[in-house]
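> Below is the file input_11.txt, which contains compact mmCIF, C-alpha atoms and all ligand atoms.
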```txt
# COMPACT_ATOMS: atom_id res chain seq x y z
CA MET A 1 9.77 -5.99 14.39
CA THR A 2 9.15 -3.67 11.48
CA LEU A 3 7.64 -0.34 12.30
CA GLN A 4 4.24 -0.03 10.74
CA VAL A 5 3.19 3.23 9.14
CA CYS A 6 -0.36 4.45 8.84
CA ARG A 7 -1.51 4.62 5.23
CA TYR A 8 -3.83 7.52 6.02
CA CYS A 9 -1.65 9.90 8.04
CA ASP A 10 1.83 8.42 7.37
CA GLY A 11 2.47 8.37 11.10
CA PRO A 12 4.17 5.42 12.79
CA ILE A 13 1.85 3.01 14.55
CA ILE A 14 3.49 2.62 17.96
CA ASP A 15 0.89 0.49 19.69
CA PRO A 16 0.33 -2.89 17.98
CA ASP A 17 -3.21 -2.89 19.31
CA ASP A 18 -3.79 0.30 17.34
CA ALA A 19 -2.69 -1.27 14.02
CA VAL A 20 -5.42 -2.34 11.64
CA ALA A 21 -4.68 -4.15 8.38
CA VAL A 22 -6.64 -2.30 5.70
CA ALA A 23 -5.34 -3.98 2.54
CA HIS A 24 -2.87 -6.42 1.13
CA GLU A 25 -0.83 -5.29 -1.84
CA MET A 26 0.81 -7.68 -4.24
CA GLY A 27 4.55 -7.30 -4.68
CA MET A 28 6.13 -7.45 -8.12
CA SER A 29 8.50 -10.20 -7.03
CA GLY A 30 7.42 -11.37 -3.64
CA PRO A 31 4.53 -12.16 -1.39
CA GLY A 32 3.45 -8.55 -1.21
CA TRP A 33 2.84 -6.63 1.94
CA THR A 34 0.11 -5.61 4.30
CA VAL A 35 -1.08 -2.04 4.42
CA TRP A 36 -1.68 -0.75 7.94
CA ALA A 37 -3.53 2.14 9.46
CA HIS A 38 -4.32 3.44 12.91
CA ALA A 39 -7.59 1.98 14.17
CA GLU A 40 -9.15 5.43 14.05
CA HIS A 41 -7.90 6.01 10.50
CA ALA A 42 -8.66 2.59 8.99
CA ALA A 43 -12.13 3.66 7.85
CA LEU A 44 -10.68 6.75 6.15
CA VAL A 45 -8.22 4.90 3.92
CA ASP A 46 -9.40 4.74 0.33
CA PRO A 47 -7.95 1.61 -1.24
CA ASP A 48 -9.21 2.57 -4.70
CA ALA A 49 -6.91 5.57 -4.88
CA ASP A 50 -3.91 3.30 -4.48
CA ALA A 51 -5.30 0.75 -6.91
CA ASP A 52 -5.41 3.50 -9.52
CA ALA A 53 -1.82 4.48 -8.80
CA VAL A 54 -0.70 0.87 -9.12
CA ARG A 55 -2.64 0.49 -12.36
CA ILE A 56 -1.03 3.61 -13.84
CA LEU A 57 2.41 2.53 -12.69
CA SER A 58 2.08 -0.95 -14.17
CA HIS A 59 0.87 0.59 -17.43
CA VAL A 60 3.99 2.75 -17.56
CA LEU A 61 6.17 -0.30 -16.92
CA ILE A 62 4.43 -2.27 -19.67
CA VAL A 63 4.88 0.55 -22.17
CA LYS A 64 8.57 0.79 -21.23
CA ALA A 65 8.98 -2.97 -21.65
CA LEU A 66 7.30 -2.94 -25.07
CA ARG A 67 9.55 -0.15 -26.28
CA GLN A 68 12.77 -1.93 -25.37
CA ASP A 69 13.33 -3.47 -28.80
ZN ZN A 101 -3.06 7.33 11.18
```
Take the structure in this file and express it as structure tokens.
Ligand SMILES: [Zn+2]


Amino acid sequence: MTLQVCRYCDGPIIDPDDAVAVAHEMGMSGPGWTVWAHAEHAALVDPDADADAVRILSHVLIVKALRQD
């Protein structure tokens, strides 16, 4: 079993009953992955912050791809 890490505090989630799925992120070349958080931290995770980071990252990758020729 893969150790799950809390998106909010970056701590490992030891107890499976304490793991809450807060989001599902799409992978570039795969099915993506589930984002987990401690039950007490799930409400504190801000999915929009990560969406922005992903948007910025994909923009950088697109610009790089366009510049290749
Ligand atoms: Zn946590």

> Counting only C-alpha atoms, figure out which residue out of A:Ser58, A:His41, A:Thr2, A:Lys64 gets nearest to A:Ala21.

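Going through A:Ser58, A:His41, A:Thr2, A:Lys64 one by one, the smallest distance to A:Ala21 is for A:His41.
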
> List as a ChimeraX atom specification: which residues have an atom within 8 Å of (-5.6, 7.9, 10.2), counting all atoms listed in the file?

/A:6-10,37-42,44-45

> Separation of atom CA of A:Ile62 and atom CA of A:Met28, in Å?

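Interatomic distance, atom CA of A:Ile62 to atom CA of A:Met28: 12.8 Å.
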
> For ligand ZN 101 (chain A), which residue out of A:Leu3, A:Ala19, A:Ala65, A:Val60 is the nearest one, using all atoms listed in the file?

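Ranked by minimum distance to ligand ZN 101 (chain A), first place goes to A:Ala19.
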
> Using only C-alpha atoms and all ligand atoms, which of the listed residues (A:Ala43, A:Pro31, A:His59, A:Arg67) sits closest to ligand ZN 101 (chain A)?

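Once distances to ligand ZN 101 (chain A) are computed over only C-alpha atoms and all ligand atoms, the minimum belongs to A:Ala43.
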
> Check the smallest atom-to-atom distance from each of A:Ile13, A:Gly27, A:Gln4, A:Leu57 to ligand ZN 101 (chain A) using only C-alpha atoms and all ligand atoms, then report the winner.

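When distances to ligand ZN 101 (chain A) are compared using only C-alpha atoms and all ligand atoms, the smallest one comes from A:Ile13.
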
> Expressed in Å to a single decimal, how great is the separation between atom CA of A:Thr34 and atom CA of A:Val22?

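Rounded to one decimal, the two atoms are 7.6 Å apart.
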
> Atom CA of A:Val5 to atom CA of A:Val35: how many Å, to one decimal?

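It comes out at 8.3 Å.
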
> Taking only C-alpha atoms and all ligand atoms into account, name the residue in A:His24, A:Gly30, A:Ile56, A:Trp36 that is nearest to ligand ZN 101 (chain A).

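Ranked by minimum distance to ligand ZN 101 (chain A), first place goes to A:Trp36.
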
> Quick one: of A:Gln68, A:Gly11, A:Ala23, A:Gly32, who's nearest to ligand ZN 101 (chain A), counting only C-alpha atoms and all ligand atoms?

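Result for the nearest residue to ligand ZN 101 (chain A): A:Gly11.
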